[in-house]
file upload_39.tsv (TSV, C-alpha atoms)
chain	number	residue	atom	x	y	z
A	17	MET	CA	73.48	128.57	94.97
A	18	LEU	CA	75.86	125.62	94.52
A	19	SER	CA	74.71	122.33	96.04
A	20	LEU	CA	76.76	120.48	98.63
A	21	GLY	CA	77.38	116.90	99.63
A	22	VAL	CA	79.76	115.61	102.29
A	23	GLU	CA	81.39	112.21	102.70
A	24	GLU	CA	83.09	111.30	105.98
A	25	GLU	CA	85.20	108.33	107.04
A	26	TYR	CA	85.30	107.24	110.69
A	27	LEU	CA	87.32	104.88	112.83
A	28	LEU	CA	85.81	102.19	115.06
A	29	VAL	CA	87.66	101.88	118.37
A	30	ASP	CA	87.58	100.05	121.66
A	31	PRO	CA	86.34	102.65	124.18
A	32	ARG	CA	88.69	101.31	126.85
A	33	ASP	CA	91.94	102.18	125.09
A	34	GLY	CA	91.18	103.75	121.69
A	35	ALA	CA	92.54	100.79	119.71
A	36	PRO	CA	90.96	100.14	116.28
A	37	VAL	CA	88.59	97.18	116.14
A	38	PRO	CA	87.52	95.28	112.96
A	39	LEU	CA	83.77	95.46	113.58
A	40	ALA	CA	82.58	97.43	110.55
A	41	PRO	CA	80.49	94.54	109.10
A	42	GLU	CA	78.61	94.10	112.38
A	43	VAL	CA	78.16	97.83	112.99
A	44	LEU	CA	76.93	98.50	109.45
A	45	ALA	CA	74.51	95.57	109.58
A	46	THR	CA	73.00	96.98	112.77
A	47	ALA	CA	73.04	100.56	111.50
A	48	GLY	CA	71.20	99.47	108.37
A	49	LEU	CA	68.20	98.58	110.54
A	50	ALA	CA	68.08	102.03	112.15
A	51	PRO	CA	65.16	104.15	110.92
A	52	ALA	CA	67.35	107.27	111.17
A	53	LEU	CA	69.77	105.96	108.56
A	54	ARG	CA	68.81	105.99	104.87
A	55	GLU	CA	69.98	103.53	102.23
A	56	GLN	CA	73.58	104.07	101.06
A	57	GLU	CA	74.32	106.66	103.76
A	58	ALA	CA	76.77	104.32	105.55
A	59	GLN	CA	79.08	101.91	103.75
A	60	HIS	CA	82.22	99.85	104.10
A	61	GLU	CA	85.63	101.43	103.65
A	62	LEU	CA	88.99	99.87	102.80
A	63	LEU	CA	89.72	98.39	106.24
A	64	ARG	CA	87.35	96.60	108.58
A	65	ALA	CA	87.85	99.17	111.33
A	66	GLN	CA	86.46	101.99	109.16
A	67	VAL	CA	83.07	103.12	107.95
A	68	GLU	CA	82.20	105.72	105.32
A	69	THR	CA	79.12	107.93	105.21
A	70	ALA	CA	77.58	110.30	102.69
A	71	THR	CA	74.97	113.00	103.10
A	72	PRO	CA	72.22	113.57	100.56
A	73	VAL	CA	72.60	116.54	98.24
A	74	CYS	CA	72.15	119.69	100.32
A	75	GLU	CA	71.28	123.23	99.32
A	76	GLU	CA	71.66	124.90	102.72
A	77	LEU	CA	74.65	124.60	105.05
A	78	ALA	CA	72.26	123.87	107.92
A	79	GLU	CA	71.19	120.73	106.06
A	80	VAL	CA	74.77	119.48	106.13
A	81	GLU	CA	74.87	119.90	109.91
A	82	ARG	CA	71.57	118.07	110.41
A	83	HIS	CA	72.49	115.14	108.18
A	84	LEU	CA	75.96	114.70	109.67
A	85	ALA	CA	74.57	114.79	113.22
A	86	ARG	CA	71.87	112.26	112.29
A	87	VAL	CA	74.26	109.87	110.55
A	88	ARG	CA	76.93	110.10	113.24
A	89	GLY	CA	74.26	109.47	115.86
A	90	ALA	CA	72.89	106.37	114.12
A	91	LEU	CA	76.37	104.91	113.64
A	92	SER	CA	77.36	105.69	117.22
A	93	ALA	CA	74.29	103.88	118.52
A	94	ALA	CA	74.99	100.88	116.29
A	95	ALA	CA	78.64	100.78	117.35
A	96	ALA	CA	77.71	100.88	121.05
A	97	ARG	CA	75.61	97.73	120.58
A	98	HIS	CA	78.80	95.94	119.51
A	99	GLY	CA	81.00	97.31	122.30
A	100	CYS	CA	82.88	99.84	120.17
A	101	ARG	CA	82.63	103.54	119.40
A	102	VAL	CA	82.88	105.86	116.40
A	103	VAL	CA	85.64	108.49	116.42
A	104	ALA	CA	86.39	111.10	113.79
A	105	VAL	CA	90.17	111.25	113.45
A	106	GLY	CA	92.35	111.55	110.37
A	107	SER	CA	94.66	108.72	111.47
A	108	ALA	CA	94.43	106.02	114.11
A	109	PRO	CA	96.20	107.41	117.19
A	110	PHE	CA	96.91	103.93	118.55
A	111	ASP	CA	97.65	100.54	117.01
A	112	ALA	CA	95.27	97.61	116.94
A	113	GLU	CA	96.32	94.45	118.75
A	114	ARG	CA	96.42	92.66	115.40
A	115	PRO	CA	95.85	93.71	111.76
A	116	VAL	CA	92.22	94.71	111.27
A	117	GLY	CA	92.01	93.23	107.78
A	118	VAL	CA	90.74	94.44	104.43
A	119	THR	CA	87.05	94.63	103.61
A	120	ASP	CA	86.07	91.74	101.34
A	121	ALA	CA	85.33	93.67	98.16
A	122	ALA	CA	87.00	93.37	94.76
A	123	ARG	CA	88.49	96.89	94.59
A	124	TYR	CA	89.87	96.65	98.12
A	125	ARG	CA	91.40	93.21	97.50
A	126	ARG	CA	92.96	94.58	94.33
A	127	ALA	CA	94.53	97.45	96.30
A	128	GLU	CA	95.86	94.94	98.82
A	129	ARG	CA	97.51	92.91	96.06
A	130	GLN	CA	99.03	96.04	94.50
A	131	ALA	CA	100.52	97.52	97.67
A	132	PRO	CA	100.00	95.43	100.82
A	133	LEU	CA	102.27	97.52	103.04
A	134	LEU	CA	100.50	100.73	102.03
A	135	VAL	CA	97.10	99.18	102.65
A	136	ASP	CA	98.13	97.96	106.11
A	137	ASP	CA	98.87	101.58	107.08
A	138	LEU	CA	95.67	103.07	105.69
A	139	LEU	CA	93.74	103.59	108.91
A	140	LEU	CA	93.29	107.09	107.55
A	141	ASN	CA	90.03	109.02	107.41
A	142	GLY	CA	89.14	111.98	105.24
A	143	MET	CA	86.29	114.36	104.59
A	144	HIS	CA	85.28	114.86	100.96
A	145	VAL	CA	83.14	117.84	99.98
A	146	HIS	CA	81.23	117.75	96.68
A	147	VAL	CA	80.21	121.10	95.19
A	148	GLY	CA	77.68	120.86	92.39
A	149	ILE	CA	78.54	122.66	89.13
A	150	ALA	CA	76.57	121.57	86.06
A	151	ASP	CA	78.93	122.61	83.27
A	152	GLU	CA	82.07	120.53	82.72
A	153	GLU	CA	84.15	123.45	81.46
A	154	GLU	CA	83.24	125.44	84.55
A	155	ARG	CA	84.11	122.50	86.80
A	156	VAL	CA	87.61	122.38	85.31
A	157	ALA	CA	87.95	126.16	85.69
A	158	VAL	CA	86.89	125.98	89.36
A	159	LEU	CA	89.28	123.08	89.99
A	160	GLY	CA	92.15	125.17	88.68
A	161	ARG	CA	91.23	128.15	90.84
A	162	LEU	CA	90.83	125.99	93.95
A	163	ARG	CA	94.22	124.35	93.39
A	164	PRO	CA	96.39	127.10	95.01
A	165	TRP	CA	94.25	127.06	98.19
A	166	LEU	CA	94.39	123.32	98.83
A	167	PRO	CA	97.48	123.46	101.11
A	168	VAL	CA	95.72	126.07	103.25
A	169	LEU	CA	92.73	123.75	103.58
A	170	VAL	CA	95.11	120.92	104.60
A	171	ALA	CA	96.42	123.15	107.41
A	172	MET	CA	93.00	124.27	108.58
A	173	ALA	CA	91.58	120.74	108.56
A	174	ALA	CA	94.61	118.97	110.08
A	175	ASN	CA	93.35	116.32	112.52
A	176	SER	CA	95.88	113.49	112.47
A	177	PRO	CA	98.94	114.25	114.62
A	178	TYR	CA	99.24	110.78	116.19
A	179	ARG	CA	99.96	107.44	114.58
A	180	GLY	CA	100.69	104.17	116.33
A	181	GLY	CA	100.85	105.74	119.79
A	182	ALA	CA	103.44	108.37	118.85
A	183	ASP	CA	103.35	111.99	117.78
A	184	SER	CA	104.13	112.03	114.06
A	185	ARG	CA	105.44	115.64	114.31
A	186	PHE	CA	102.93	116.45	111.58
A	187	ALA	CA	99.57	118.12	112.09
A	188	SER	CA	98.12	116.00	109.26
A	189	TRP	CA	99.93	112.69	109.08
A	190	ARG	CA	97.08	111.41	106.90
A	191	THR	CA	98.14	113.81	104.14
A	192	VAL	CA	101.72	112.57	104.13
A	193	GLU	CA	100.87	108.89	104.38
A	194	PHE	CA	98.05	108.86	101.84
A	195	ASP	CA	100.09	110.77	99.28
A	196	ARG	CA	102.33	107.74	98.73
A	197	TRP	CA	99.82	106.37	96.21
A	198	ALA	CA	100.56	106.63	92.51
A	199	VAL	CA	98.17	109.46	91.58
A	200	SER	CA	97.79	111.57	94.68
A	201	GLY	CA	98.61	114.93	96.23
A	202	PRO	CA	97.74	118.26	94.59
A	203	PRO	CA	96.06	117.94	91.19
A	204	PRO	CA	97.85	119.13	88.07
A	205	HIS	CA	96.79	122.22	86.17
A	206	PHE	CA	94.43	121.51	83.26
A	207	ALA	CA	94.05	123.94	80.39
A	208	ASP	CA	90.38	123.11	79.78
A	209	ALA	CA	87.86	120.27	79.80
A	210	ALA	CA	89.32	118.65	76.68
A	211	ASP	CA	92.79	118.61	78.26
A	212	HIS	CA	91.31	117.12	81.45
A	213	ARG	CA	89.53	114.35	79.55
A	214	ALA	CA	92.59	113.49	77.47
A	215	ARG	CA	94.96	113.28	80.40
A	216	LEU	CA	92.61	111.19	82.52
A	217	ARG	CA	92.08	108.85	79.58
A	218	ALA	CA	95.86	108.50	79.22
A	219	LEU	CA	96.17	107.57	82.89
A	220	GLU	CA	93.53	104.88	82.55
A	221	GLU	CA	94.99	103.51	79.32
A	222	SER	CA	98.45	103.36	80.88
A	223	GLY	CA	97.30	100.77	83.40
A	224	VAL	CA	98.69	102.83	86.29
A	225	ILE	CA	95.15	103.17	87.67
A	226	ALA	CA	92.30	100.70	87.32
A	227	ASP	CA	89.59	103.38	87.26
A	228	ARG	CA	89.03	107.02	88.12
A	229	GLY	CA	88.29	106.10	91.71
A	230	GLN	CA	92.07	105.74	92.06
A	231	LEU	CA	92.67	109.42	91.30
A	232	TYR	CA	93.55	110.39	94.86
A	233	TRP	CA	94.20	114.05	94.20
A	234	HIS	CA	93.30	116.58	96.89
A	235	ALA	CA	90.62	117.85	94.52
A	236	ARG	CA	89.19	116.28	91.39
A	237	LEU	CA	86.11	116.17	89.21
A	238	SER	CA	83.87	113.42	90.50
A	239	ALA	CA	83.52	110.47	88.15
A	240	ARG	CA	79.93	109.86	89.33
A	241	TYR	CA	78.41	113.28	89.84
A	242	PRO	CA	78.60	116.74	88.21
A	243	THR	CA	80.67	118.03	91.12
A	244	VAL	CA	84.07	119.28	92.08
A	245	GLU	CA	85.18	116.97	94.89
A	246	VAL	CA	87.59	118.50	97.42
A	247	ARG	CA	89.42	115.74	99.32
A	248	ALA	CA	92.16	117.72	101.08
A	249	ALA	CA	90.62	117.67	104.57
A	250	ASP	CA	91.13	115.16	107.34
A	251	VAL	CA	87.80	114.04	108.75
A	252	GLN	CA	86.78	116.58	111.38
A	253	LEU	CA	86.47	115.94	115.11
A	254	THR	CA	83.00	117.44	115.44
A	255	VAL	CA	79.95	118.07	113.32
A	256	ALA	CA	80.53	121.82	113.76
A	257	ASP	CA	84.07	121.54	112.38
A	258	ALA	CA	82.76	119.58	109.39
A	259	GLU	CA	80.02	122.15	108.78
A	260	LEU	CA	82.64	124.91	108.89
A	261	LEU	CA	84.92	123.21	106.34
A	262	ALA	CA	81.99	122.43	104.04
A	263	GLY	CA	80.97	126.09	104.14
A	264	VAL	CA	84.51	127.32	103.49
A	265	ILE	CA	84.96	124.95	100.54
A	266	ARG	CA	81.65	125.94	98.95
A	267	GLY	CA	82.59	129.59	99.47
A	268	LEU	CA	85.92	129.07	97.74
A	269	ALA	CA	84.27	127.19	94.87
A	270	ALA	CA	81.59	129.85	94.44
A	271	SER	CA	84.22	132.60	94.41
A	272	ALA	CA	86.24	130.61	91.89
A	273	LEU	CA	83.18	130.23	89.66
A	274	LEU	CA	82.43	133.96	89.83
A	275	ALA	CA	86.06	134.72	88.94
A	276	ALA	CA	86.04	132.24	86.06
A	277	ARG	CA	82.88	133.72	84.60
A	278	ALA	CA	84.40	137.20	84.88
A	279	GLY	CA	87.58	136.00	83.14
A	280	ARG	CA	89.81	137.10	86.00
A	281	PRO	CA	93.34	135.60	86.10
A	282	TRP	CA	94.46	133.38	88.98
A	283	PRO	CA	97.79	132.10	90.31
A	284	VAL	CA	99.01	128.86	88.74
A	285	PRO	CA	101.71	127.52	91.07
A	286	SER	CA	104.13	124.96	89.72
A	287	GLU	CA	103.54	121.35	90.72
A	288	GLU	CA	106.77	121.27	92.75
A	289	LEU	CA	105.86	124.43	94.68
A	290	LEU	CA	102.33	123.20	95.38
A	291	ARG	CA	103.56	119.81	96.53
A	292	GLY	CA	106.13	121.46	98.80
A	293	ALA	CA	103.51	123.84	100.17
A	294	THR	CA	101.23	120.88	100.89
A	295	TRP	CA	103.93	118.95	102.76
A	296	HIS	CA	104.75	122.07	104.77
A	297	ALA	CA	101.06	122.68	105.59
A	298	ALA	CA	100.65	119.06	106.69
A	299	ARG	CA	103.64	119.45	109.01
A	300	THR	CA	102.82	122.77	110.66
A	301	GLY	CA	99.05	123.04	110.42
A	302	LEU	CA	97.98	126.42	111.77
A	303	THR	CA	100.86	126.82	114.21
A	304	GLY	CA	103.63	128.07	111.92
A	305	SER	CA	103.88	129.48	108.44
A	306	LEU	CA	102.08	128.63	105.21
A	307	VAL	CA	102.95	129.35	101.60
A	308	SER	CA	100.82	132.20	100.29
A	309	PRO	CA	99.12	131.44	96.96
A	310	LEU	CA	99.34	135.16	96.17
A	311	THR	CA	103.08	135.66	96.73
A	312	SER	CA	104.49	132.08	96.66
A	313	ARG	CA	106.33	132.96	99.88
A	314	ALA	CA	106.04	131.55	103.39
A	315	ARG	CA	104.13	133.86	105.70
A	316	PRO	CA	102.56	133.45	109.16
A	317	ALA	CA	99.64	131.03	108.96
A	318	GLU	CA	97.09	133.56	110.19
A	319	GLU	CA	98.00	135.95	107.36
A	320	VAL	CA	97.63	133.27	104.68
A	321	VAL	CA	94.33	132.12	106.17
A	322	ALA	CA	93.20	135.76	106.02
A	323	GLU	CA	94.01	135.72	102.29
A	324	LEU	CA	91.80	132.65	101.93
A	325	TRP	CA	88.95	134.39	103.73
A	326	GLU	CA	89.26	137.40	101.46
A	327	TYR	CA	89.14	135.18	98.37
A	328	ALA	CA	86.18	133.17	99.68
A	329	ALA	CA	84.16	136.20	100.82
A	330	PRO	CA	82.17	136.74	97.57
A	331	GLY	CA	81.24	133.07	97.41
A	332	LEU	CA	80.24	132.93	101.08
A	333	ALA	CA	78.05	135.97	100.55
A	334	ALA	CA	76.47	134.51	97.41
A	335	ALA	CA	75.62	131.30	99.27
A	336	GLY	CA	74.25	133.18	102.27
A	337	ASP	CA	76.78	131.41	104.52
A	338	ALA	CA	78.98	134.31	105.64
A	339	GLU	CA	77.40	134.82	109.09
A	340	ARG	CA	77.19	131.13	110.01
A	341	VAL	CA	80.71	130.36	108.81
A	342	ALA	CA	82.07	133.33	110.77
A	343	GLU	CA	80.35	132.02	113.91
A	344	LEU	CA	81.79	128.55	113.39
A	345	TRP	CA	85.26	129.94	112.64
A	346	HIS	CA	85.24	131.97	115.87
A	347	ALA	CA	84.56	128.81	117.89
A	348	PHE	CA	87.08	126.81	115.86
A	349	THR	CA	89.94	129.25	116.40
A	350	ARG	CA	89.19	129.46	120.10
A	351	GLU	CA	89.70	125.68	120.46
A	352	GLY	CA	92.24	125.13	117.66
A	353	ASN	CA	92.02	122.64	114.82
A	354	GLY	CA	91.84	118.92	115.44
A	355	ALA	CA	95.59	118.46	115.64
A	356	GLN	CA	95.95	121.20	118.24
A	357	ARG	CA	93.10	119.80	120.34
A	358	GLN	CA	94.42	116.24	120.18
A	359	ARG	CA	97.87	117.31	121.34
A	360	ARG	CA	96.38	119.34	124.18
A	361	TRP	CA	94.23	116.42	125.32
A	362	TYR	CA	97.16	114.00	125.17
A	363	ALA	CA	99.37	116.40	127.17
A	364	GLU	CA	96.67	116.70	129.81
A	365	GLY	CA	95.63	113.07	130.14
A	366	GLY	CA	97.83	110.75	128.07
A	367	ARG	CA	96.20	107.92	126.14
A	368	PRO	CA	93.12	107.67	128.42
A	369	GLY	CA	92.51	111.41	128.22
A	370	LEU	CA	92.86	111.55	124.45
A	371	THR	CA	90.59	108.53	124.01
A	372	GLU	CA	87.92	110.03	126.27
A	373	HIS	CA	87.88	113.32	124.39
A	374	LEU	CA	87.80	111.62	120.98
A	375	LEU	CA	84.80	109.54	122.01
A	376	ALA	CA	82.95	112.65	123.16
A	377	SER	CA	83.85	114.81	120.16
A	378	ALA	CA	82.10	112.83	117.44
A	379	MET	CA	78.69	113.84	118.83
A	380	ALA	CA	79.57	117.23	120.35
A	381	PRO	CA	77.04	119.98	119.53
A	382	GLY	CA	78.30	123.01	117.64
A	383	PRO	CA	77.84	126.71	118.37
A	384	GLY	CA	74.21	127.66	118.26
A	385	THR	CA	73.16	123.98	118.42
A	386	PRO	CA	71.26	122.82	121.51
A	387	ALA	CA	72.81	119.84	123.30
A	388	GLY	CA	70.83	116.62	123.29

call {"tool": "encode", "arguments": {"input": "upload_39.tsv", "output": "structure tokens"}}
result
Amino acid sequence: MLSLGVEEEYLLVDPRDGAPVPLAPEVLATAGLAPALREQEAQHELLRAQVETATPVCEELAEVERHLARVRGALSAAAARHGCRVVAVGSAPFDAERPVGVTDAARYRRAERQAPLLVDDLLLNGMHVHVGIADEEERVAVLGRLRPWLPVLVAMAANSPYRGGADSRFASWRTVEFDRWAVSGPPPHFADAADHRARLRALEESGVIADRGQLYWHARLSARYPTVEVRAADVQLTVADAELLAGVIRGLAASALLAARAGRPWPVPSEELLRGATWHAARTGLTGSLVSPLTSRARPAEEVVAELWEYAAPGLAAAGDAERVAELWHAFTREGNGAQRQRRWYAEGGRPGLTEHLLASAMAPGPGTPAG
């Protein structure tokens, strides 16, 4: 079984109006005293209205759910002590009264000097799933086989339709906005591990990036761990949604590994087609069409998602996750992805209604999980 680890980024907001508040230093200091929170599980992010969390390495999908619920709970309690709340949204739906400011750390100050206007807009929150694969050559092979499915994951995980109080007309505005950085978007195709090492070394030596942490591709090989790190997803509204996406991504990676070991061919879309498919997926989410990795043609979203399920099925079975992921997917499709839910809540209750639902969602129990 392939191990799992999940990183999530959250937004700190004023519960009265949903506006971002720059209270991360205070919230993290308080959270660090909580017995439920372990060292390094909650950290600063780029802006002072954001916090980042990371689970321990997990073997079972149920572990992911337990750790995410525990960490979200500890942060929520710490935030409440400072008059703010944690919400799990891909982009800030509403503007802060004033700029929230950059976290005082060297890499964040460097980013601010490089691109201050981009940094000011980066109230964006993602979910990163690490899948453990020991062999470097196999990691590169899995990365290549995951590459065609990344736009479909963008659509499934879309949870950022609003920005600055307005509907962006995208299901995942985070995807569009974050992909303005120099090395971002879908990863290129690598022939093998030697090709991957050489091209990353060339990027670093060029001076375009300061380190491999600035490789903002939707999937990459982690620079710190022997993992494939999938970064295509917006942070998910609920723990159940995050558990679902983690299970799907591990299933895809496990299927890709099985296919690589069997020497089976896979589609290698051109960079321009994959970038276009990603932009299209970010715009429509699950409500329109998606580009099929199998045919390179736009088809109804539900048909392309069905192709993803078929591809992931062997990996889900190998991990023992098929039944749980199916249960989570049934609940997910009944409610819609994060973008669909946010738009429904805003239509029903405007800014107060959306804010209320976002505050409740971060700690909502999932299917089969007892409340409280």

call {"tool": "residues_near_point", "arguments": {"input": "upload_39.tsv", "point": "(102.9, 109.3, 105.0)", "cutoff": "12 Å", "atoms": "all atoms listed in the file", "output": "count of residues only"}}
result
31

call {"tool": "residues_around", "arguments": {"input": "upload_39.tsv", "residues": "Pro283 in chain A", "least_positions_apart": "2", "cutoff": "8 Å", "atoms": "all atoms listed in the file", "output": "ChimeraX atom specification"}}
result
/A:161,164,281,285,309-310

call {"tool": "closest_residue", "arguments": {"input": "upload_39.tsv", "among": "A:Asn175, A:Ser286, A:Thr349, A:Thr254", "to": "His205 in chain A", "atoms": "all atoms listed in the file"}}
result
A:Ser286

call {"tool": "residues_near_point", "arguments": {"input": "upload_39.tsv", "point": "(92.4, 109.5, 81.0)", "cutoff": "12 Å", "atoms": "only C-alpha atoms", "output": "list in words"}}
result
Ala209, Ala210, Asp211, His212, Arg213, Ala214, Arg215, Leu216, Arg217, Ala218, Leu219, Glu220, Glu221, Ser222, Gly223, Val224, Ile225, Ala226, Asp227, Arg228, Gly229, Gln230, Leu231 and Ala239 of chain A

call {"tool": "atom_distance", "arguments": {"input": "upload_39.tsv", "atom1": "CA of Cys100 in chain A", "atom2": "CA of Ala355 in chain A"}}
result
23.0 Å

call {"tool": "atom_distance", "arguments": {"input": "upload_39.tsv", "atom1": "CA of Arg277 in chain A", "atom2": "CA of Glu153 in chain A"}}
result
10.8 Å

call {"tool": "closest_residue", "arguments": {"input": "upload_39.tsv", "among": "A:Ser19, A:Pro36, A:Thr243, A:Glu154", "to": "Ala278 in chain A", "atoms": "only C-alpha atoms"}}
result
A:Glu154

call {"tool": "closest_atom_pairs", "arguments": {"input": "upload_39.tsv", "of": "range 356-385 of chain A", "to": "range 21-29 of chain A", "cutoff": "12 Å", "atoms": "all atoms listed in the file", "output": "JSON lines"}}
result
{"residue": "A:Thr371", "atom": "CA", "partner": "A:Val29", "partner_atom": "CA", "distance": 9.2}
{"residue": "A:Glu372", "atom": "CA", "partner": "A:Val29", "partner_atom": "CA", "distance": 11.4}
{"residue": "A:Leu374", "atom": "CA", "partner": "A:Val29", "partner_atom": "CA", "distance": 10.1}
{"residue": "A:Leu375", "atom": "CA", "partner": "A:Val29", "partner_atom": "CA", "distance": 9.0}
{"residue": "A:Ala378", "atom": "CA", "partner": "A:Tyr26", "partner_atom": "CA", "distance": 9.3}

call {"tool": "closest_residue", "arguments": {"input": "upload_39.tsv", "among": "A:Ala270, A:Ala127, A:Val105, A:Ala338", "to": "Asn353 in chain A", "atoms": "only C-alpha atoms"}}
result
A:Val105

call {"tool": "closest_residue", "arguments": {"input": "upload_39.tsv", "among": "A:Pro38, A:Leu274, A:Pro316, A:Gly369", "to": "Glu113 in chain A", "atoms": "only C-alpha atoms"}}
result
A:Pro38

call {"tool": "residues_around", "arguments": {"input": "upload_39.tsv", "residues": "Glu81 in chain A", "least_positions_apart": "4", "cutoff": "12 Å", "atoms": "all atoms listed in the file", "output": "PDB file with C-alpha atoms, in the coordinates of the input"}}
result
ATOM      1  CA  LEU A  20      76.760 120.480  98.630  1.00  0.00           C
ATOM      2  CA  GLY A  21      77.380 116.900  99.630  1.00  0.00           C
ATOM      3  CA  VAL A  22      79.760 115.610 102.290  1.00  0.00           C
ATOM      4  CA  THR A  71      74.970 113.000 103.100  1.00  0.00           C
ATOM      5  CA  PRO A  72      72.220 113.570 100.560  1.00  0.00           C
ATOM      6  CA  CYS A  74      72.150 119.690 100.320  1.00  0.00           C
ATOM      7  CA  GLU A  75      71.280 123.230  99.320  1.00  0.00           C
ATOM      8  CA  GLU A  76      71.660 124.900 102.720  1.00  0.00           C
ATOM      9  CA  LEU A  77      74.650 124.600 105.050  1.00  0.00           C
ATOM     10  CA  ALA A  85      74.570 114.790 113.220  1.00  0.00           C
ATOM     11  CA  ARG A  86      71.870 112.260 112.290  1.00  0.00           C
ATOM     12  CA  VAL A  87      74.260 109.870 110.550  1.00  0.00           C
ATOM     13  CA  ARG A  88      76.930 110.100 113.240  1.00  0.00           C
ATOM     14  CA  THR A 254      83.000 117.440 115.440  1.00  0.00           C
ATOM     15  CA  VAL A 255      79.950 118.070 113.320  1.00  0.00           C
ATOM     16  CA  ALA A 256      80.530 121.820 113.760  1.00  0.00           C
ATOM     17  CA  ASP A 257      84.070 121.540 112.380  1.00  0.00           C
ATOM     18  CA  ALA A 258      82.760 119.580 109.390  1.00  0.00           C
ATOM     19  CA  GLU A 259      80.020 122.150 108.780  1.00  0.00           C
ATOM     20  CA  LEU A 260      82.640 124.910 108.890  1.00  0.00           C
ATOM     21  CA  LEU A 261      84.920 123.210 106.340  1.00  0.00           C
ATOM     22  CA  ALA A 262      81.990 122.430 104.040  1.00  0.00           C
ATOM     23  CA  GLY A 263      80.970 126.090 104.140  1.00  0.00           C
ATOM     24  CA  ARG A 340      77.190 131.130 110.010  1.00  0.00           C
ATOM     25  CA  LEU A 344      81.790 128.550 113.390  1.00  0.00           C
ATOM     26  CA  MET A 379      78.690 113.840 118.830  1.00  0.00           C
ATOM     27  CA  ALA A 380      79.570 117.230 120.350  1.00  0.00           C
ATOM     28  CA  PRO A 381      77.040 119.980 119.530  1.00  0.00           C
ATOM     29  CA  GLY A 382      78.300 123.010 117.640  1.00  0.00           C
ATOM     30  CA  PRO A 383      77.840 126.710 118.370  1.00  0.00           C
ATOM     31  CA  GLY A 384      74.210 127.660 118.260  1.00  0.00           C
ATOM     32  CA  THR A 385      73.160 123.980 118.420  1.00  0.00           C
TER      33      THR A 385
END

call {"tool": "atom_distance", "arguments": {"input": "upload_39.tsv", "atom1": "CA of Glu287 in chain A", "atom2": "CA of Trp325 in chain A"}}
result
23.5 Å

call {"tool": "closest_residue", "arguments": {"input": "upload_39.tsv", "among": "A:His346, A:Val73, A:Gly180, A:Trp282", "to": "Tyr241 in chain A", "atoms": "all atoms listed in the file"}}
result
A:Val73

call {"tool": "decode", "arguments": {"input": "upload_39.tsv", "residues": "range 198-219 of chain A", "atoms": "C-alpha atoms", "output": "mmCIF file, in the first residue's frame"}}
result
data_model
loop_
_atom_site.group_PDB
_atom_site.id
_atom_site.type_symbol
_atom_site.label_atom_id
_atom_site.label_comp_id
_atom_site.auth_asym_id
_atom_site.auth_seq_id
_atom_site.Cartn_x
_atom_site.Cartn_y
_atom_site.Cartn_z
ATOM 1 C CA ALA A 198 6.906 31.497 -13.458
ATOM 2 C CA VAL A 199 6.934 27.697 -13.086
ATOM 3 C CA SER A 200 3.343 26.674 -12.554
ATOM 4 C CA GLY A 201 0.393 24.888 -14.121
ATOM 5 C CA PRO A 202 0.577 21.333 -15.484
ATOM 6 C CA PRO A 203 4.023 19.731 -15.221
ATOM 7 C CA PRO A 204 5.976 18.912 -18.366
ATOM 8 C CA HIS A 205 6.521 15.367 -19.551
ATOM 9 C CA PHE A 206 9.816 13.838 -18.381
ATOM 10 C CA ALA A 207 11.393 10.922 -20.199
ATOM 11 C CA ASP A 208 12.916 9.402 -17.057
ATOM 12 C CA ALA A 209 14.543 10.272 -13.736
ATOM 13 C CA ALA A 210 17.759 11.500 -15.378
ATOM 14 C CA ASP A 211 15.772 13.860 -17.614
ATOM 15 C CA HIS A 212 13.831 15.107 -14.574
ATOM 16 C CA ARG A 213 17.007 15.800 -12.593
ATOM 17 C CA ALA A 214 18.700 17.581 -15.495
ATOM 18 C CA ARG A 215 15.778 19.852 -16.257
ATOM 19 C CA LEU A 216 15.197 20.801 -12.637
ATOM 20 C CA ARG A 217 18.898 21.550 -12.261
ATOM 21 C CA ALA A 218 18.715 23.796 -15.338
ATOM 22 C CA LEU A 219 15.799 25.708 -13.822
#
